[in-house]
>>> print(open('work-v6.pdb').read())   # PDB, C-alpha atoms, pLDDT in the B column
ATOM      1  CA  MET A   1      24.052   3.249  -5.102  1.00 93.00           C
ATOM      2  CA  SER A   2      21.791   6.117  -4.071  1.00 93.00           C
ATOM      3  CA  TYR A   3      18.009   6.071  -3.654  1.00 95.00           C
ATOM      4  CA  GLU A   4      17.611   7.876  -6.998  1.00 95.00           C
ATOM      5  CA  GLU A   5      19.820   5.389  -8.825  1.00 96.00           C
ATOM      6  CA  ALA A   6      17.999   2.398  -7.310  1.00 95.00           C
ATOM      7  CA  VAL A   7      14.642   3.841  -8.383  1.00 95.00           C
ATOM      8  CA  ASP A   8      15.963   4.685 -11.870  1.00 95.00           C
ATOM      9  CA  ARG A   9      17.353   1.160 -12.276  1.00 95.00           C
ATOM     10  CA  GLY A  10      13.988  -0.179 -11.117  1.00 94.00           C
ATOM     11  CA  PHE A  11      12.119   1.861 -13.720  1.00 94.00           C
ATOM     12  CA  GLY A  12      14.587   0.567 -16.335  1.00 94.00           C
ATOM     13  CA  GLU A  13      13.803  -3.031 -15.378  1.00 92.00           C
ATOM     14  CA  CYS A  14      10.108  -2.199 -15.518  1.00 92.00           C
ATOM     15  CA  ARG A  15      10.400  -0.748 -19.037  1.00 91.00           C
ATOM     16  CA  ALA A  16      12.492  -3.741 -20.153  1.00 92.00           C
ATOM     17  CA  ARG A  17       9.536  -5.939 -19.189  1.00 91.00           C
ATOM     18  CA  ARG A  18       7.203  -3.605 -21.129  1.00 91.00           C
ATOM     19  CA  TYR A  19       5.245  -2.484 -18.085  1.00 91.00           C
ATOM     20  CA  GLU A  20       4.068   0.924 -17.058  1.00 93.00           C
ATOM     21  CA  CYS A  21       5.069   1.234 -13.424  1.00 93.00           C
ATOM     22  CA  LYS A  22       4.142   3.364 -10.454  1.00 94.00           C
ATOM     23  CA  LEU A  23       6.652   3.412  -7.602  1.00 95.00           C
ATOM     24  CA  LYS A  24       5.204   1.953  -4.413  1.00 94.00           C
ATOM     25  CA  GLU A  25       8.308   2.214  -2.215  1.00 95.00           C
ATOM     26  CA  ALA A  26      12.080   1.930  -2.190  1.00 95.00           C
ATOM     27  CA  HIS A  27      14.357   1.423   0.801  1.00 95.00           C
ATOM     28  CA  ARG A  28      17.796   0.125   1.694  1.00 95.00           C
ATOM     29  CA  THR A  29      18.031  -2.786   4.088  1.00 92.00           C
ATOM     30  CA  GLY A  30      20.633  -3.318   6.789  1.00 89.00           C
ATOM     31  CA  ASN A  31      22.472  -5.831   4.604  1.00 90.00           C
ATOM     32  CA  ASP A  32      23.104  -3.268   1.819  1.00 93.00           C
ATOM     33  CA  VAL A  33      20.283  -4.306  -0.498  1.00 96.00           C
ATOM     34  CA  TRP A  34      17.958  -1.819  -2.182  1.00 96.00           C
ATOM     35  CA  LYS A  35      14.375  -3.086  -2.339  1.00 96.00           C
ATOM     36  CA  VAL A  36      12.350  -1.265  -4.985  1.00 96.00           C
ATOM     37  CA  LYS A  37       8.634  -2.068  -5.308  1.00 96.00           C
ATOM     38  CA  PHE A  38       6.297  -1.067  -8.115  1.00 95.00           C
ATOM     39  CA  HIS A  39       2.675  -1.414  -9.126  1.00 94.00           C
ATOM     40  CA  ALA A  40       2.976  -2.726 -12.693  1.00 93.00           C
ATOM     41  CA  PHE A  41       0.511  -2.329 -15.549  1.00 92.00           C
ATOM     42  CA  ALA A  42       0.292  -3.781 -19.042  1.00 90.00           C
ATOM     43  CA  PRO A  43      -2.578  -3.810 -21.539  1.00 90.00           C
ATOM     44  CA  GLY A  44      -5.250  -5.954 -19.869  1.00 90.00           C
ATOM     45  CA  ALA A  45      -3.082  -6.828 -16.865  1.00 91.00           C
ATOM     46  CA  ARG A  46      -1.784  -5.437 -13.585  1.00 91.00           C
ATOM     47  CA  GLY A  47       0.176  -6.570 -10.573  1.00 92.00           C
ATOM     48  CA  LYS A  48       3.486  -6.015  -8.838  1.00 94.00           C
ATOM     49  CA  LEU A  49       7.160  -5.930  -9.638  1.00 93.00           C
ATOM     50  CA  HIS A  50       9.560  -6.117  -6.681  1.00 95.00           C
ATOM     51  CA  LEU A  51      13.289  -5.814  -7.317  1.00 95.00           C
ATOM     52  CA  GLU A  52      16.399  -6.113  -5.161  1.00 96.00           C
ATOM     53  CA  PHE A  53      19.755  -4.552  -6.054  1.00 95.00           C
ATOM     54  CA  ASP A  54      23.131  -4.863  -4.343  1.00 95.00           C
ATOM     55  CA  ALA A  55      23.896  -1.380  -3.015  1.00 95.00           C
ATOM     56  CA  TYR A  56      27.600  -1.584  -3.945  1.00 95.00           C
ATOM     57  CA  SER A  57      27.893  -3.711  -7.078  1.00 95.00           C
ATOM     58  CA  ARG A  58      24.519  -2.455  -8.414  1.00 94.00           C
ATOM     59  CA  ARG A  59      23.780  -6.024  -9.492  1.00 95.00           C
ATOM     60  CA  LEU A  60      20.154  -7.129  -9.770  1.00 94.00           C
ATOM     61  CA  LEU A  61      19.793  -9.803  -7.076  1.00 95.00           C
ATOM     62  CA  LYS A  62      16.134 -10.774  -7.132  1.00 94.00           C
ATOM     63  CA  VAL A  63      12.965 -10.207  -9.153  1.00 93.00           C
ATOM     64  CA  ASP A  64       9.464 -10.920  -7.875  1.00 92.00           C
ATOM     65  CA  GLU A  65       7.135 -10.320 -10.802  1.00 92.00           C
ATOM     66  CA  LYS A  66       3.428 -11.019 -10.459  1.00 92.00           C
ATOM     67  CA  VAL A  67       1.407  -9.376 -13.216  1.00 89.00           C
ATOM     68  CA  LYS A  68      -1.841 -11.072 -14.134  1.00 90.00           C
ATOM     69  CA  ALA A  69      -4.720 -10.490 -16.513  1.00 87.00           C
ATOM     70  CA  ARG A  70      -7.413  -8.229 -15.094  1.00 77.00           C
ATOM     71  CA  ARG A  71     -10.575  -9.613 -13.600  1.00 69.00           C
ATOM     72  CA  ASP A  72     -13.574  -7.900 -12.096  1.00 54.00           C
ATOM     73  CA  ASP A  73     -13.088  -9.042  -8.502  1.00 43.00           C
ATOM     74  CA  TRP A  74      -9.636  -8.359  -7.065  1.00 50.00           C
ATOM     75  CA  ASP A  75      -8.299  -9.751  -3.819  1.00 50.00           C
ATOM     76  CA  ASP A  76      -8.384  -7.474  -0.752  1.00 46.00           C
ATOM     77  CA  ASP A  77      -4.621  -6.903  -0.914  1.00 50.00           C
ATOM     78  CA  ASP A  78      -5.007  -5.319  -4.356  1.00 50.00           C
ATOM     79  CA  ASP A  79      -6.978  -2.308  -3.142  1.00 49.00           C
ATOM     80  CA  TRP A  80      -4.156   0.216  -3.652  1.00 50.00           C
ATOM     81  CA  ASP A  81      -5.963   1.853  -6.562  1.00 51.00           C
ATOM     82  CA  ASP A  82      -9.391   1.597  -4.981  1.00 50.00           C
ATOM     83  CA  ASP A  83     -11.059   4.959  -5.433  1.00 50.00           C
ATOM     84  CA  ASP A  84     -14.059   4.167  -3.241  1.00 51.00           C
ATOM     85  CA  HIS A  85     -12.150   2.704  -0.295  1.00 49.00           C
ATOM     86  CA  GLY A  86     -12.910  -0.965  -0.982  1.00 49.00           C
ATOM     87  CA  HIS A  87     -16.701  -0.836  -0.986  1.00 50.00           C
ATOM     88  CA  GLY A  88     -18.893  -2.668  -3.454  1.00 50.00           C
ATOM     89  CA  HIS A  89     -16.376  -4.603  -5.517  1.00 49.00           C
ATOM     90  CA  GLY A  90     -18.022  -8.013  -5.298  1.00 50.00           C
ATOM     91  CA  ARG A  91     -15.822  -9.205  -2.459  1.00 50.00           C
ATOM     92  CA  GLY A  92     -18.606 -10.781  -0.417  1.00 52.00           C
ATOM     93  CA  ARG A  93     -19.816  -7.587   1.186  1.00 51.00           C
ATOM     94  CA  GLY A  94     -23.457  -6.550   1.104  1.00 52.00           C
ATOM     95  CA  LYS A  95     -26.393  -8.195  -0.635  1.00 50.00           C
ATOM     96  CA  LYS A  96     -26.004 -10.850  -3.248  1.00 49.00           C
ATOM     97  CA  LYS A  97     -26.902  -9.641  -6.692  1.00 51.00           C
ATOM     98  CA  GLY A  98     -28.312 -11.812  -9.428  1.00 52.00           C
ATOM     99  CA  HIS A  99     -29.240 -14.708  -7.165  1.00 51.00           C
ATOM    100  CA  ALA A 100     -32.670 -16.078  -6.369  1.00 54.00           C
ATOM    101  CA  LYS A 101     -34.270 -14.738  -3.186  1.00 52.00           C
ATOM    102  CA  HIS A 102     -35.260 -18.172  -1.994  1.00 52.00           C
ATOM    103  CA  ASP A 103     -33.423 -21.443  -2.318  1.00 50.00           C
ATOM    104  CA  ASP A 104     -35.685 -24.294  -3.424  1.00 46.00           C
TER     105      ASP A 104
END
>>> encode(input="work-v6.pdb", output="structure tokens")
Amino acid sequence: MSYEEAVDRGFGECRARRYECKLKEAHRTGNDVWKVKFHAFAPGARGKLHLEFDAYSRRLLKVDEKVKARRDDWDDDDDWDDDDHGHGHGRGRGKKKGHAKHDD
């Protein structure tokens, strides 16, 4: 299986799950397994889809699918689509907003 075929098979698996996917990376390991990783999107949700294919039989070996409903504050490891470099997304940085100035 070539790089192109592994990526194409990955996109096929992504479409079968009704996700829109953006390729993150694809590489072949030393034990003849293609690892293909995607950022996955669905209406109101996003996450990851990681797939493993046998390089010779082309069989799908493993699926790691973690797509969750969107929320306003994403974990720090989800900053791949961060257009302002991770600043000001309510992750505990900067001043608190909406809280009383003094605790009584």
>>> residues_around(input="work-v6.pdb", residues="A:Phe41", least_positions_apart="6", cutoff="7 Å", atoms="all atoms listed in the file", output="PyMOL selection string")
chain A and resi 19-21+47
>>> resolve_selection(input="work-v6.pdb", expression="the PyMOL selection byres ((chain A and resi 25) around 12)", output="list of chain:residue names")
A:Tyr3, A:Glu4, A:Ala6, A:Val7, A:Gly10, A:Cys21, A:Lys22, A:Leu23, A:Lys24, A:Ala26, A:His27, A:Arg28, A:Trp34, A:Lys35, A:Val36, A:Lys37, A:Phe38, A:His39, A:Lys48, A:Leu49, A:His50, A:Leu51, A:Glu52
>>> closest_residue(input="work-v6.pdb", among="A:Ala69, A:Leu61, A:Ala55, A:Met1", to="A:Gly30", atoms="all atoms listed in the file")
A:Ala55
>>> atom_distance(input="work-v6.pdb", atom1="atom CA of A:Asp54", atom2="atom CA of A:Val33")
4.8 Å
>>> atom_distance(input="work-v6.pdb", atom1="atom CA of A:Asn31", atom2="atom CA of A:Gly12")
23.3 Å
>>> closest_residue(input="work-v6.pdb", among="A:Asp32, A:Tyr56, A:Arg70, A:Arg46", to="A:Arg18", atoms="all atoms listed in the file")
A:Arg46
>>> atom_distance(input="work-v6.pdb", atom1="atom CA of A:Phe53", atom2="atom CA of A:Phe11")
12.6 Å
>>> axis_aligned_box(input="work-v6.pdb", around="stretch 34-39 of chain A", padding_each_side="5 Å", output="JSON")
{"center_x": 10.3, "center_y": -2.1, "center_z": -5.7, "size_x": 25.3, "size_y": 12.0, "size_z": 16.9}
>>> closest_residue(input="work-v6.pdb", among="A:Ser57, A:Lys68, A:Ala16, A:Val63", to="A:Ala42", atoms="all atoms listed in the file")
A:Lys68
>>> decode(input="work-v6.pdb", residues="stretch 1-12 of chain A", atoms="N, CA and C atoms", output="PDB file, in the first residue's frame")
ATOM      1  N   MET A   1       0.852  -1.167   0.000  1.00  0.00           N
ATOM      2  CA  MET A   1       0.000   0.000   0.000  1.00  0.00           C
ATOM      3  C   MET A   1       0.901   1.234   0.000  1.00  0.00           C
ATOM      4  N   SER A   2       0.629   2.162  -0.866  1.00  0.00           N
ATOM      5  CA  SER A   2       1.408   3.393  -0.950  1.00  0.00           C
ATOM      6  C   SER A   2       0.840   4.443   0.008  1.00  0.00           C
ATOM      7  N   TYR A   3       1.581   5.528   0.162  1.00  0.00           N
ATOM      8  CA  TYR A   3       1.123   6.659   0.979  1.00  0.00           C
ATOM      9  C   TYR A   3      -0.232   7.159   0.463  1.00  0.00           C
ATOM     10  N   GLU A   4      -0.337   7.344  -0.865  1.00  0.00           N
ATOM     11  CA  GLU A   4      -1.564   7.869  -1.454  1.00  0.00           C
ATOM     12  C   GLU A   4      -2.749   6.950  -1.190  1.00  0.00           C
ATOM     13  N   GLU A   5      -2.528   5.648  -1.306  1.00  0.00           N
ATOM     14  CA  GLU A   5      -3.619   4.703  -1.062  1.00  0.00           C
ATOM     15  C   GLU A   5      -4.033   4.707   0.407  1.00  0.00           C
ATOM     16  N   ALA A   6      -3.067   4.779   1.310  1.00  0.00           N
ATOM     17  CA  ALA A   6      -3.388   4.819   2.744  1.00  0.00           C
ATOM     18  C   ALA A   6      -4.216   6.066   3.070  1.00  0.00           C
ATOM     19  N   VAL A   7      -3.818   7.200   2.512  1.00  0.00           N
ATOM     20  CA  VAL A   7      -4.566   8.440   2.751  1.00  0.00           C
ATOM     21  C   VAL A   7      -5.953   8.355   2.129  1.00  0.00           C
ATOM     22  N   ASP A   8      -6.056   7.836   0.910  1.00  0.00           N
ATOM     23  CA  ASP A   8      -7.366   7.680   0.261  1.00  0.00           C
ATOM     24  C   ASP A   8      -8.281   6.762   1.055  1.00  0.00           C
ATOM     25  N   ARG A   9      -7.734   5.638   1.535  1.00  0.00           N
ATOM     26  CA  ARG A   9      -8.533   4.724   2.365  1.00  0.00           C
ATOM     27  C   ARG A   9      -8.968   5.422   3.645  1.00  0.00           C
ATOM     28  N   GLY A  10      -8.078   6.236   4.216  1.00  0.00           N
ATOM     29  CA  GLY A  10      -8.426   6.996   5.411  1.00  0.00           C
ATOM     30  C   GLY A  10      -9.574   7.962   5.171  1.00  0.00           C
ATOM     31  N   PHE A  11      -9.512   8.700   4.052  1.00  0.00           N
ATOM     32  CA  PHE A  11     -10.606   9.607   3.720  1.00  0.00           C
ATOM     33  C   PHE A  11     -11.907   8.839   3.499  1.00  0.00           C
ATOM     34  N   GLY A  12     -11.815   7.644   2.922  1.00  0.00           N
ATOM     35  CA  GLY A  12     -13.008   6.799   2.746  1.00  0.00           C
ATOM     36  C   GLY A  12     -13.634   6.414   4.075  1.00  0.00           C
TER      37      GLY A  12
END
